[in-house]
Amino acid sequence: MDTVLSVYLYDADIMIVLPETVEDVVVKLLRLSNTRLSHDIGWALEAAAGWETNEIAYSQLGCIMDNVKKAEFLGKPMCQDTGVPIFYVSGRFDTSVRDEIANGIRRATKEIPLRPNAVDPLTRENTGDNLGEGMPIIHYHPTDDDFMDITVLPKGAGSENMTRLAMLNPSEGVDGVKRFIIDTVLNAGGRPCPPSIVGVGIGGMSDTCVSMAKEALLMPIDKRNPDPVLDALEEELFIKLNESGLGPMGLGGNSTVLAVRIKKACCHTASLPVAVNIGCWATRRATARIMPNGTVEYIQEGE
């Protein structure tokens, strides 16, 4: 009887998978996103090293990839700035998810550990647990699906501080949009730790435009934009930015950006909003899909 039971428990086809709490899922997401680079970004870094001809730039890319391997092997964050965790929750959920996400952040800050980055904007007092007024930052997208997706995008200050919004005159057209995006990335220089992923929002209102630019960083960089106009614009900007010579860490080279990702929305006839939100080479992201029975699938784009 004992032998039969042992075989049953370890049969892969019928192995029991226990459900996880949202709090536990959040801790795992923060650990995964901070210690393991998404595969699509990893492949993009290797591709950049393949076309890089500048010796210093090639050396910088080598250091980055070595850092990625050590972080995953040791289970340590890839960067000392573990950022502010930004969450996107979609599917079916109730309001209790906010408290569970907050508890997960509090635990992850101690357990991983994460650098406590949340401070009062005026007194600069640090809360010590990445929480506080206005935290956690959660964007909700309810749907009729029977599962819930939780995505985390830890955002460091080096890249976030380079965010720019322009309310262009519609007469400036597509050329004005291109000029603003290119100028924003080049003026940022080495501060957002290039090679970067450039998130762009075009259209909407001022607040939705900035939100789209950040959400664009969640798009996998190894897949084409389904909008042919945006796809062509992404490719053109990718080429021009890499021809700029800015290079990794702003030290020169042919690999300034790993990708340009764009989202758009309709806007007022008298407006042309454009926003840029830059992600560093370690644009960190991870998603968990929680099924109705409580089981969880963890996803990092590009796998």
# chains A, B, ... in the order shown; residues from 1 in each chain; ligands from 1

$ closest_atom_pairs --of "stretch 125-230 of chain A" --to "stretch 251-269 of chain A" --cutoff "8 Å" --atoms "only C-alpha atoms" --output "JSON lines"
{"residue": "A:Pro170", "atom": "CA", "partner": "A:Thr269", "partner_atom": "CA", "distance": 7.9}
{"residue": "A:Gly190", "atom": "CA", "partner": "A:Leu251", "partner_atom": "CA", "distance": 7.4}
{"residue": "A:Pro194", "atom": "CA", "partner": "A:Thr256", "partner_atom": "CA", "distance": 5.8}
{"residue": "A:Pro195", "atom": "CA", "partner": "A:Val257", "partner_atom": "CA", "distance": 4.4}
{"residue": "A:Ser196", "atom": "CA", "partner": "A:Val257", "partner_atom": "CA", "distance": 4.5}
{"residue": "A:Ile197", "atom": "CA", "partner": "A:Ala259", "partner_atom": "CA", "distance": 5.0}
{"residue": "A:Val198", "atom": "CA", "partner": "A:Val260", "partner_atom": "CA", "distance": 4.7}
{"residue": "A:Gly199", "atom": "CA", "partner": "A:Arg261", "partner_atom": "CA", "distance": 5.1}
{"residue": "A:Val200", "atom": "CA", "partner": "A:Ile262", "partner_atom": "CA", "distance": 4.6}
{"residue": "A:Gly201", "atom": "CA", "partner": "A:Lys263", "partner_atom": "CA", "distance": 5.1}
{"residue": "A:Ile202", "atom": "CA", "partner": "A:Lys264", "partner_atom": "CA", "distance": 4.6}
{"residue": "A:Gly203", "atom": "CA", "partner": "A:Ala265", "partner_atom": "CA", "distance": 4.9}
{"residue": "A:Gly204", "atom": "CA", "partner": "A:Cys267", "partner_atom": "CA", "distance": 4.5}
{"residue": "A:Met205", "atom": "CA", "partner": "A:Cys267", "partner_atom": "CA", "distance": 6.5}
{"residue": "A:Cys209", "atom": "CA", "partner": "A:Lys264", "partner_atom": "CA", "distance": 7.8}
{"residue": "A:Met212", "atom": "CA", "partner": "A:Lys263", "partner_atom": "CA", "distance": 5.9}
{"residue": "A:Ala213", "atom": "CA", "partner": "A:Lys263", "partner_atom": "CA", "distance": 6.8}
{"residue": "A:Ala216", "atom": "CA", "partner": "A:Arg261", "partner_atom": "CA", "distance": 5.6}
{"residue": "A:Leu217", "atom": "CA", "partner": "A:Arg261", "partner_atom": "CA", "distance": 6.8}
{"residue": "A:Met219", "atom": "CA", "partner": "A:Arg261", "partner_atom": "CA", "distance": 7.0}
{"residue": "A:Ile221", "atom": "CA", "partner": "A:Ala259", "partner_atom": "CA", "distance": 6.2}
{"residue": "A:Asn225", "atom": "CA", "partner": "A:Arg261", "partner_atom": "CA", "distance": 7.8}
{"residue": "A:Leu230", "atom": "CA", "partner": "A:Ile262", "partner_atom": "CA", "distance": 6.5}

$ select_by_dssp --residues "stretch 49-289 of chain A" --states "strand (DSSP E)" --output "short mmCIF file (atom, residue, chain, number, x, y, z; two decimals) with all heavy atoms, in the first residue's frame"
data_model
loop_
_atom_site.label_atom_id
_atom_site.label_comp_id
_atom_site.auth_asym_id
_atom_site.auth_seq_id
_atom_site.Cartn_x
_atom_site.Cartn_y
_atom_site.Cartn_z
N VAL A 84 10.15 51.19 -7.57
CA VAL A 84 8.82 51.21 -6.96
C VAL A 84 7.98 50.20 -7.73
O VAL A 84 7.89 50.27 -8.96
CB VAL A 84 8.19 52.61 -7.05
CG1 VAL A 84 6.71 52.55 -6.67
CG2 VAL A 84 8.92 53.59 -6.13
N PRO A 85 7.37 49.23 -7.05
CA PRO A 85 6.59 48.22 -7.78
C PRO A 85 5.25 48.77 -8.26
O PRO A 85 4.46 49.27 -7.47
CB PRO A 85 6.39 47.11 -6.74
CG PRO A 85 6.51 47.79 -5.42
CD PRO A 85 7.45 48.95 -5.61
N ILE A 86 5.05 48.69 -9.57
CA ILE A 86 3.79 49.14 -10.18
C ILE A 86 3.04 47.89 -10.62
O ILE A 86 3.59 47.04 -11.31
CB ILE A 86 4.07 50.06 -11.38
CG1 ILE A 86 4.88 51.27 -10.92
CG2 ILE A 86 2.77 50.50 -12.04
CD1 ILE A 86 5.60 51.97 -12.02
N PHE A 87 1.78 47.79 -10.22
CA PHE A 87 1.00 46.59 -10.49
C PHE A 87 -0.13 46.88 -11.47
O PHE A 87 -0.74 47.95 -11.46
CB PHE A 87 0.41 46.03 -9.20
CG PHE A 87 1.42 45.33 -8.33
CD1 PHE A 87 2.16 46.05 -7.41
CD2 PHE A 87 1.65 43.97 -8.46
CE1 PHE A 87 3.11 45.41 -6.62
CE2 PHE A 87 2.59 43.33 -7.67
CZ PHE A 87 3.32 44.05 -6.75
N TYR A 88 -0.39 45.88 -12.31
CA TYR A 88 -1.52 45.89 -13.23
C TYR A 88 -2.34 44.63 -12.94
O TYR A 88 -1.83 43.51 -13.03
CB TYR A 88 -1.04 45.88 -14.68
CG TYR A 88 -0.24 47.11 -15.05
CD1 TYR A 88 1.14 47.17 -14.78
CD2 TYR A 88 -0.84 48.22 -15.64
CE1 TYR A 88 1.88 48.31 -15.11
CE2 TYR A 88 -0.11 49.35 -15.96
CZ TYR A 88 1.24 49.39 -15.69
OH TYR A 88 1.97 50.52 -16.01
N VAL A 89 -3.60 44.84 -12.55
CA VAL A 89 -4.48 43.72 -12.20
C VAL A 89 -5.63 43.69 -13.20
O VAL A 89 -6.33 44.68 -13.39
CB VAL A 89 -5.03 43.87 -10.77
CG1 VAL A 89 -5.96 42.71 -10.44
CG2 VAL A 89 -3.89 43.94 -9.76
N SER A 90 -5.81 42.54 -13.86
CA SER A 90 -6.89 42.41 -14.82
C SER A 90 -7.63 41.10 -14.60
O SER A 90 -7.14 40.19 -13.92
CB SER A 90 -6.35 42.46 -16.26
OG SER A 90 -5.47 41.38 -16.49
N GLY A 91 -8.82 41.00 -15.18
CA GLY A 91 -9.63 39.81 -15.00
C GLY A 91 -10.69 40.03 -13.93
O GLY A 91 -11.23 41.12 -13.79
N ILE A 137 0.93 51.28 -6.00
CA ILE A 137 0.35 51.78 -7.25
C ILE A 137 -0.23 50.58 -8.00
O ILE A 137 0.50 49.66 -8.37
CB ILE A 137 1.41 52.48 -8.11
CG1 ILE A 137 1.98 53.70 -7.35
CG2 ILE A 137 0.84 52.91 -9.45
CD1 ILE A 137 3.17 54.34 -8.01
N ILE A 138 -1.55 50.60 -8.22
CA ILE A 138 -2.22 49.49 -8.88
C ILE A 138 -3.15 50.04 -9.96
O ILE A 138 -3.95 50.94 -9.69
CB ILE A 138 -3.06 48.64 -7.89
CG1 ILE A 138 -2.20 48.19 -6.69
CG2 ILE A 138 -3.65 47.41 -8.59
CD1 ILE A 138 -3.00 47.49 -5.60
N HIS A 139 -3.04 49.51 -11.16
CA HIS A 139 -3.93 49.86 -12.25
C HIS A 139 -4.88 48.67 -12.47
O HIS A 139 -4.43 47.55 -12.71
CB HIS A 139 -3.14 50.15 -13.52
CG HIS A 139 -2.17 51.28 -13.38
ND1 HIS A 139 -2.54 52.61 -13.52
CD2 HIS A 139 -0.84 51.29 -13.08
CE1 HIS A 139 -1.49 53.39 -13.33
NE2 HIS A 139 -0.45 52.61 -13.06
N TYR A 140 -6.17 48.93 -12.37
CA TYR A 140 -7.16 47.87 -12.47
C TYR A 140 -7.81 47.84 -13.85
O TYR A 140 -8.23 48.88 -14.38
CB TYR A 140 -8.26 48.07 -11.41
CG TYR A 140 -7.77 48.02 -9.98
CD1 TYR A 140 -7.53 49.19 -9.27
CD2 TYR A 140 -7.57 46.80 -9.34
CE1 TYR A 140 -7.09 49.15 -7.94
CE2 TYR A 140 -7.14 46.75 -8.02
CZ TYR A 140 -6.90 47.93 -7.34
OH TYR A 140 -6.48 47.89 -6.03
N HIS A 141 -7.91 46.64 -14.42
CA HIS A 141 -8.56 46.45 -15.71
C HIS A 141 -9.51 45.25 -15.61
O HIS A 141 -9.13 44.12 -15.95
CB HIS A 141 -7.53 46.22 -16.82
CG HIS A 141 -6.55 47.34 -16.98
ND1 HIS A 141 -6.87 48.55 -17.56
CD2 HIS A 141 -5.23 47.43 -16.61
CE1 HIS A 141 -5.81 49.34 -17.55
NE2 HIS A 141 -4.81 48.69 -16.98
N PRO A 142 -10.74 45.46 -15.11
CA PRO A 142 -11.67 44.34 -14.95
C PRO A 142 -12.13 43.78 -16.30
O PRO A 142 -12.35 44.54 -17.26
CB PRO A 142 -12.84 44.96 -14.18
CG PRO A 142 -12.76 46.42 -14.46
CD PRO A 142 -11.31 46.73 -14.64
N MET A 148 -7.53 35.76 -12.92
CA MET A 148 -7.01 37.09 -12.60
C MET A 148 -5.53 37.13 -12.95
O MET A 148 -4.77 36.23 -12.56
CB MET A 148 -7.19 37.40 -11.11
CG MET A 148 -6.55 38.72 -10.69
SD MET A 148 -6.92 39.21 -8.97
CE MET A 148 -6.18 37.88 -8.04
N ASP A 149 -5.14 38.15 -13.69
CA ASP A 149 -3.73 38.37 -14.01
C ASP A 149 -3.18 39.49 -13.13
O ASP A 149 -3.81 40.55 -13.02
CB ASP A 149 -3.54 38.76 -15.47
CG ASP A 149 -3.61 37.57 -16.42
OD1 ASP A 149 -3.57 36.42 -15.93
OD2 ASP A 149 -3.70 37.80 -17.64
N ILE A 150 -2.02 39.25 -12.54
CA ILE A 150 -1.31 40.29 -11.79
C ILE A 150 0.06 40.45 -12.43
O ILE A 150 0.83 39.50 -12.51
CB ILE A 150 -1.15 39.93 -10.30
CG1 ILE A 150 -2.51 39.72 -9.64
CG2 ILE A 150 -0.38 41.03 -9.57
CD1 ILE A 150 -2.42 39.33 -8.18
N THR A 151 0.34 41.66 -12.91
CA THR A 151 1.64 41.96 -13.52
C THR A 151 2.34 43.01 -12.69
O THR A 151 1.72 43.97 -12.23
CB THR A 151 1.45 42.48 -14.96
OG1 THR A 151 0.86 41.45 -15.76
CG2 THR A 151 2.78 42.89 -15.57
N VAL A 152 3.64 42.83 -12.50
CA VAL A 152 4.42 43.83 -11.77
C VAL A 152 5.48 44.42 -12.68
O VAL A 152 6.08 43.71 -13.51
CB VAL A 152 5.07 43.25 -10.50
CG1 VAL A 152 6.13 42.21 -10.83
CG2 VAL A 152 5.65 44.36 -9.64
N LEU A 153 5.69 45.73 -12.57
CA LEU A 153 6.71 46.45 -13.31
C LEU A 153 7.49 47.30 -12.31
O LEU A 153 7.11 48.43 -12.03
CB LEU A 153 6.07 47.34 -14.38
CG LEU A 153 6.99 48.20 -15.25
CD1 LEU A 153 7.80 47.35 -16.21
CD2 LEU A 153 6.18 49.25 -16.01
N PRO A 154 8.56 46.76 -11.71
CA PRO A 154 9.36 47.57 -10.78
C PRO A 154 10.09 48.66 -11.56
O PRO A 154 10.83 48.37 -12.49
CB PRO A 154 10.35 46.56 -10.18
CG PRO A 154 9.77 45.21 -10.48
CD PRO A 154 9.05 45.37 -11.78
N LYS A 155 9.91 49.91 -11.18
CA LYS A 155 10.46 51.03 -11.95
C LYS A 155 11.43 51.84 -11.11
O LYS A 155 11.07 52.43 -10.09
CB LYS A 155 9.31 51.92 -12.42
CG LYS A 155 9.63 52.79 -13.63
CD LYS A 155 9.86 51.96 -14.86
CE LYS A 155 9.83 52.80 -16.15
NZ LYS A 155 10.77 53.90 -16.19
N ARG A 164 8.91 62.06 -20.13
CA ARG A 164 8.56 63.36 -20.70
C ARG A 164 7.19 63.28 -21.38
O ARG A 164 6.84 62.27 -21.99
CB ARG A 164 9.60 63.82 -21.71
CG ARG A 164 11.00 64.04 -21.12
CD ARG A 164 11.03 65.22 -20.16
NE ARG A 164 12.38 65.47 -19.65
CZ ARG A 164 12.86 64.94 -18.53
NH1 ARG A 164 12.10 64.11 -17.81
NH2 ARG A 164 14.08 65.22 -18.12
N LEU A 165 6.43 64.38 -21.27
CA LEU A 165 5.15 64.52 -21.94
C LEU A 165 5.18 65.80 -22.75
O LEU A 165 5.61 66.85 -22.26
CB LEU A 165 4.00 64.59 -20.92
CG LEU A 165 2.64 65.02 -21.46
CD1 LEU A 165 2.05 63.97 -22.40
CD2 LEU A 165 1.67 65.32 -20.32
N ALA A 166 4.71 65.73 -23.99
CA ALA A 166 4.59 66.93 -24.83
C ALA A 166 3.17 67.00 -25.38
O ALA A 166 2.63 65.99 -25.85
CB ALA A 166 5.59 66.88 -25.98
N MET A 167 2.58 68.17 -25.30
CA MET A 167 1.28 68.41 -25.92
C MET A 167 1.56 69.15 -27.22
O MET A 167 1.56 70.39 -27.27
CB MET A 167 0.38 69.20 -24.97
CG MET A 167 0.15 68.54 -23.61
SD MET A 167 -0.60 66.89 -23.71
CE MET A 167 -2.27 67.32 -24.23
N LEU A 168 1.85 68.39 -28.26
CA LEU A 168 2.24 68.99 -29.53
C LEU A 168 1.06 69.63 -30.23
O LEU A 168 -0.10 69.26 -30.02
CB LEU A 168 2.85 67.92 -30.44
CG LEU A 168 4.10 67.19 -29.94
CD1 LEU A 168 4.56 66.18 -30.99
CD2 LEU A 168 5.23 68.16 -29.60
N SER A 196 18.30 50.93 -23.77
CA SER A 196 16.99 51.09 -23.16
C SER A 196 15.88 50.43 -23.97
O SER A 196 16.05 50.08 -25.14
CB SER A 196 16.65 52.58 -23.02
OG SER A 196 17.71 53.30 -22.44
N ILE A 197 14.75 50.28 -23.31
CA ILE A 197 13.50 50.00 -24.00
C ILE A 197 12.68 51.28 -23.90
O ILE A 197 12.48 51.80 -22.80
CB ILE A 197 12.76 48.81 -23.39
CG1 ILE A 197 13.61 47.54 -23.53
CG2 ILE A 197 11.40 48.61 -24.06
CD1 ILE A 197 13.01 46.33 -22.86
N VAL A 198 12.27 51.80 -25.03
CA VAL A 198 11.58 53.08 -25.07
C VAL A 198 10.08 52.85 -25.18
O VAL A 198 9.60 52.34 -26.20
CB VAL A 198 12.08 53.95 -26.24
CG1 VAL A 198 11.41 55.33 -26.21
CG2 VAL A 198 13.60 54.10 -26.18
N GLY A 199 9.34 53.22 -24.15
CA GLY A 199 7.89 53.12 -24.17
C GLY A 199 7.31 54.45 -24.61
O GLY A 199 7.70 55.51 -24.10
N VAL A 200 6.38 54.40 -25.55
CA VAL A 200 5.80 55.63 -26.11
C VAL A 200 4.27 55.54 -26.09
O VAL A 200 3.69 54.51 -26.44
CB VAL A 200 6.27 55.86 -27.56
CG1 VAL A 200 5.63 57.12 -28.14
CG2 VAL A 200 7.79 55.97 -27.62
N GLY A 201 3.65 56.63 -25.67
CA GLY A 201 2.20 56.77 -25.79
C GLY A 201 1.90 57.92 -26.72
O GLY A 201 2.54 58.98 -26.64
N ILE A 202 0.96 57.71 -27.64
CA ILE A 202 0.57 58.77 -28.58
C ILE A 202 -0.95 58.90 -28.54
O ILE A 202 -1.67 57.92 -28.75
CB ILE A 202 1.02 58.46 -30.02
CG1 ILE A 202 2.54 58.24 -30.09
CG2 ILE A 202 0.61 59.59 -30.96
CD1 ILE A 202 3.03 57.80 -31.46
N GLY A 203 -1.42 60.10 -28.26
CA GLY A 203 -2.86 60.34 -28.24
C GLY A 203 -3.44 60.27 -26.85
O GLY A 203 -2.74 60.33 -25.84
N VAL A 257 19.32 51.48 -27.94
CA VAL A 257 18.03 50.95 -27.50
C VAL A 257 17.89 49.49 -27.93
O VAL A 257 18.42 49.06 -28.96
CB VAL A 257 16.84 51.77 -28.06
CG1 VAL A 257 16.93 53.22 -27.60
CG2 VAL A 257 16.76 51.69 -29.57
N LEU A 258 17.17 48.73 -27.12
CA LEU A 258 16.86 47.34 -27.45
C LEU A 258 15.54 47.24 -28.21
O LEU A 258 15.32 46.28 -28.95
CB LEU A 258 16.79 46.48 -26.18
CG LEU A 258 18.06 46.41 -25.35
CD1 LEU A 258 17.80 45.59 -24.08
CD2 LEU A 258 19.20 45.79 -26.15
N ALA A 259 14.67 48.22 -28.01
CA ALA A 259 13.37 48.22 -28.69
C ALA A 259 12.68 49.55 -28.46
O ALA A 259 12.96 50.26 -27.49
CB ALA A 259 12.49 47.08 -28.17
N VAL A 260 11.77 49.87 -29.35
CA VAL A 260 10.82 50.98 -29.17
C VAL A 260 9.43 50.37 -29.27
O VAL A 260 9.12 49.67 -30.23
CB VAL A 260 10.99 52.06 -30.27
CG1 VAL A 260 9.96 53.17 -30.06
CG2 VAL A 260 12.40 52.62 -30.26
N ARG A 261 8.61 50.61 -28.24
CA ARG A 261 7.27 50.04 -28.21
C ARG A 261 6.26 51.18 -28.08
O ARG A 261 6.43 52.08 -27.24
CB ARG A 261 7.10 49.07 -27.06
CG ARG A 261 8.13 47.95 -27.05
CD ARG A 261 7.61 46.66 -27.68
NE ARG A 261 7.13 46.78 -29.04
CZ ARG A 261 6.55 45.77 -29.71
NH1 ARG A 261 6.37 44.60 -29.10
NH2 ARG A 261 6.16 45.92 -30.94
N ILE A 262 5.21 51.16 -28.90
CA ILE A 262 4.29 52.29 -28.96
C ILE A 262 2.84 51.82 -28.79
O ILE A 262 2.43 50.82 -29.38
CB ILE A 262 4.42 53.04 -30.31
CG1 ILE A 262 5.87 53.48 -30.54
CG2 ILE A 262 3.48 54.24 -30.34
CD1 ILE A 262 6.10 54.11 -31.91
N LYS A 263 2.08 52.59 -28.00
CA LYS A 263 0.64 52.41 -27.89
C LYS A 263 -0.02 53.75 -28.26
O LYS A 263 0.58 54.81 -28.04
CB LYS A 263 0.23 52.01 -26.47
CG LYS A 263 0.81 50.68 -26.02
CD LYS A 263 0.23 50.24 -24.69
CE LYS A 263 -1.21 49.77 -24.86
NZ LYS A 263 -1.75 49.16 -23.63
N LYS A 264 -1.22 53.67 -28.81
CA LYS A 264 -1.90 54.91 -29.20
C LYS A 264 -3.37 54.86 -28.83
O LYS A 264 -3.94 53.79 -28.58
CB LYS A 264 -1.74 55.16 -30.70
CG LYS A 264 -2.55 54.21 -31.57
CD LYS A 264 -2.46 54.61 -33.05
CE LYS A 264 -3.34 53.68 -33.91
NZ LYS A 264 -3.31 54.05 -35.33
N ALA A 265 -3.98 56.04 -28.79
CA ALA A 265 -5.41 56.18 -28.55
C ALA A 265 -5.89 57.44 -29.25
O ALA A 265 -5.10 58.35 -29.52
CB ALA A 265 -5.71 56.27 -27.05
N LEU A 272 -2.29 66.81 -29.77
CA LEU A 272 -1.42 65.71 -30.20
C LEU A 272 -0.47 65.38 -29.04
O LEU A 272 0.69 65.77 -29.04
CB LEU A 272 -0.63 66.07 -31.46
CG LEU A 272 0.34 65.00 -32.00
CD1 LEU A 272 -0.35 63.66 -32.19
CD2 LEU A 272 1.01 65.46 -33.28
N PRO A 273 -0.98 64.67 -28.01
CA PRO A 273 -0.12 64.32 -26.88
C PRO A 273 0.87 63.21 -27.25
O PRO A 273 0.51 62.26 -27.95
CB PRO A 273 -1.11 63.82 -25.82
CG PRO A 273 -2.48 64.14 -26.34
CD PRO A 273 -2.37 64.22 -27.82
N VAL A 274 2.08 63.34 -26.75
CA VAL A 274 3.10 62.30 -26.92
C VAL A 274 3.85 62.17 -25.59
O VAL A 274 4.28 63.17 -25.02
CB VAL A 274 4.12 62.63 -28.03
CG1 VAL A 274 5.05 61.45 -28.27
CG2 VAL A 274 3.43 63.02 -29.32
N ALA A 275 3.99 60.93 -25.11
CA ALA A 275 4.72 60.70 -23.87
C ALA A 275 5.78 59.63 -24.10
O ALA A 275 5.58 58.70 -24.88
CB ALA A 275 3.77 60.25 -22.75
N VAL A 276 6.89 59.79 -23.40
CA VAL A 276 7.98 58.80 -23.46
C VAL A 276 8.29 58.35 -22.04
O VAL A 276 8.48 59.17 -21.14
CB VAL A 276 9.24 59.40 -24.11
CG1 VAL A 276 10.40 58.40 -24.03
CG2 VAL A 276 8.98 59.78 -25.56
N ASN A 277 8.30 57.03 -21.83
CA ASN A 277 8.71 56.46 -20.55
C ASN A 277 9.78 55.42 -20.86
O ASN A 277 9.51 54.42 -21.54
CB ASN A 277 7.52 55.82 -19.84
CG ASN A 277 7.85 55.42 -18.41
OD1 ASN A 277 8.43 54.37 -18.16
ND2 ASN A 277 7.47 56.26 -17.46
N ILE A 278 10.98 55.67 -20.39
CA ILE A 278 12.12 54.81 -20.74
C ILE A 278 12.31 53.72 -19.70
O ILE A 278 12.21 53.97 -18.50
CB ILE A 278 13.41 55.66 -20.86
CG1 ILE A 278 13.23 56.73 -21.95
CG2 ILE A 278 14.61 54.78 -21.16
CD1 ILE A 278 14.40 57.69 -22.07
N GLY A 279 12.57 52.52 -20.18
CA GLY A 279 12.94 51.40 -19.31
C GLY A 279 14.43 51.13 -19.48
O GLY A 279 14.94 51.13 -20.60
N ALA A 286 7.01 40.81 -14.68
CA ALA A 286 6.59 39.41 -14.53
C ALA A 286 5.09 39.40 -14.29
O ALA A 286 4.52 40.35 -13.74
CB ALA A 286 7.32 38.73 -13.37
N THR A 287 4.45 38.32 -14.71
CA THR A 287 2.99 38.18 -14.59
C THR A 287 2.64 36.85 -13.96
O THR A 287 3.30 35.84 -14.20
CB THR A 287 2.34 38.27 -15.98
OG1 THR A 287 2.59 39.55 -16.55
CG2 THR A 287 0.83 38.04 -15.90
N ALA A 288 1.59 36.86 -13.15
CA ALA A 288 1.03 35.63 -12.60
C ALA A 288 -0.44 35.55 -13.00
O ALA A 288 -1.17 36.53 -12.87
CB ALA A 288 1.15 35.61 -11.08
N ARG A 289 -0.84 34.40 -13.50
CA ARG A 289 -2.26 34.16 -13.81
C ARG A 289 -2.83 33.22 -12.75
O ARG A 289 -2.39 32.07 -12.63
CB ARG A 289 -2.42 33.57 -15.21
CG ARG A 289 -3.84 33.15 -15.55
CD ARG A 289 -4.04 33.02 -17.05
NE ARG A 289 -3.93 34.33 -17.71
CZ ARG A 289 -4.02 34.50 -19.03
NH1 ARG A 289 -4.22 33.46 -19.83
NH2 ARG A 289 -3.93 35.71 -19.55
#

$ atom_distance --atom1 "atom CA of A:Val229" --atom2 "atom CA of A:Asp183"
21.0 Å

$ closest_residue --among "A:Arg92, A:Lys70, A:Lys178, A:Arg107" --to "A:Arg31" --atoms "only C-alpha atoms"
A:Arg107

$ residues_around --residues "A:Asp99" --least-positions-apart "6" --cutoff "10 Å" --atoms "only C-alpha atoms" --output "PyMOL selection string"
chain A and resi 22-23+105+136

$ closest_residue --among "A:Glu160, A:Glu297, A:Asp120, A:Glu72" --to "A:Ser38" --atoms "only C-alpha atoms"
A:Glu72

$ residues_around --residues "A:Tyr58" --least-positions-apart "3" --cutoff "12 Å" --atoms "only C-alpha atoms" --output "count of residues only"
26

$ closest_residue --among "A:Val119, A:Asn34, A:Ile299, A:Glu20" --to "A:Cys79" --atoms "only C-alpha atoms"
A:Asn34

$ decode --residues "stretch 149-153 of chain A" --atoms "all heavy atoms" --output "PDB file, in the first residue's frame"
ATOM      1  N   ASP A 149      -5.136  38.150 -13.691  1.00  0.00           N
ATOM      2  CA  ASP A 149      -3.727  38.367 -14.006  1.00  0.00           C
ATOM      3  C   ASP A 149      -3.181  39.488 -13.133  1.00  0.00           C
ATOM      4  O   ASP A 149      -3.810  40.550 -13.018  1.00  0.00           O
ATOM      5  CB  ASP A 149      -3.539  38.758 -15.472  1.00  0.00           C
ATOM      6  CG  ASP A 149      -3.606  37.573 -16.417  1.00  0.00           C
ATOM      7  OD1 ASP A 149      -3.567  36.422 -15.930  1.00  0.00           O
ATOM      8  OD2 ASP A 149      -3.700  37.796 -17.644  1.00  0.00           O
ATOM      9  N   ILE A 150      -2.018  39.247 -12.536  1.00  0.00           N
ATOM     10  CA  ILE A 150      -1.310  40.290 -11.788  1.00  0.00           C
ATOM     11  C   ILE A 150       0.059  40.453 -12.426  1.00  0.00           C
ATOM     12  O   ILE A 150       0.834  39.496 -12.510  1.00  0.00           O
ATOM     13  CB  ILE A 150      -1.152  39.926 -10.305  1.00  0.00           C
ATOM     14  CG1 ILE A 150      -2.512  39.724  -9.637  1.00  0.00           C
ATOM     15  CG2 ILE A 150      -0.381  41.030  -9.573  1.00  0.00           C
ATOM     16  CD1 ILE A 150      -2.420  39.329  -8.175  1.00  0.00           C
ATOM     17  N   THR A 151       0.340  41.658 -12.905  1.00  0.00           N
ATOM     18  CA  THR A 151       1.637  41.960 -13.519  1.00  0.00           C
ATOM     19  C   THR A 151       2.341  43.014 -12.688  1.00  0.00           C
ATOM     20  O   THR A 151       1.716  43.971 -12.226  1.00  0.00           O
ATOM     21  CB  THR A 151       1.451  42.481 -14.959  1.00  0.00           C
ATOM     22  OG1 THR A 151       0.861  41.454 -15.764  1.00  0.00           O
ATOM     23  CG2 THR A 151       2.784  42.891 -15.569  1.00  0.00           C
ATOM     24  N   VAL A 152       3.640  42.831 -12.503  1.00  0.00           N
ATOM     25  CA  VAL A 152       4.418  43.833 -11.770  1.00  0.00           C
ATOM     26  C   VAL A 152       5.481  44.417 -12.685  1.00  0.00           C
ATOM     27  O   VAL A 152       6.077  43.709 -13.510  1.00  0.00           O
ATOM     28  CB  VAL A 152       5.067  43.247 -10.495  1.00  0.00           C
ATOM     29  CG1 VAL A 152       6.133  42.213 -10.828  1.00  0.00           C
ATOM     30  CG2 VAL A 152       5.655  44.360  -9.636  1.00  0.00           C
ATOM     31  N   LEU A 153       5.688  45.726 -12.568  1.00  0.00           N
ATOM     32  CA  LEU A 153       6.714  46.447 -13.311  1.00  0.00           C
ATOM     33  C   LEU A 153       7.491  47.295 -12.315  1.00  0.00           C
ATOM     34  O   LEU A 153       7.111  48.434 -12.030  1.00  0.00           O
ATOM     35  CB  LEU A 153       6.068  47.336 -14.385  1.00  0.00           C
ATOM     36  CG  LEU A 153       6.993  48.201 -15.247  1.00  0.00           C
ATOM     37  CD1 LEU A 153       7.800  47.345 -16.214  1.00  0.00           C
ATOM     38  CD2 LEU A 153       6.184  49.246 -16.011  1.00  0.00           C
TER      39      LEU A 153
END
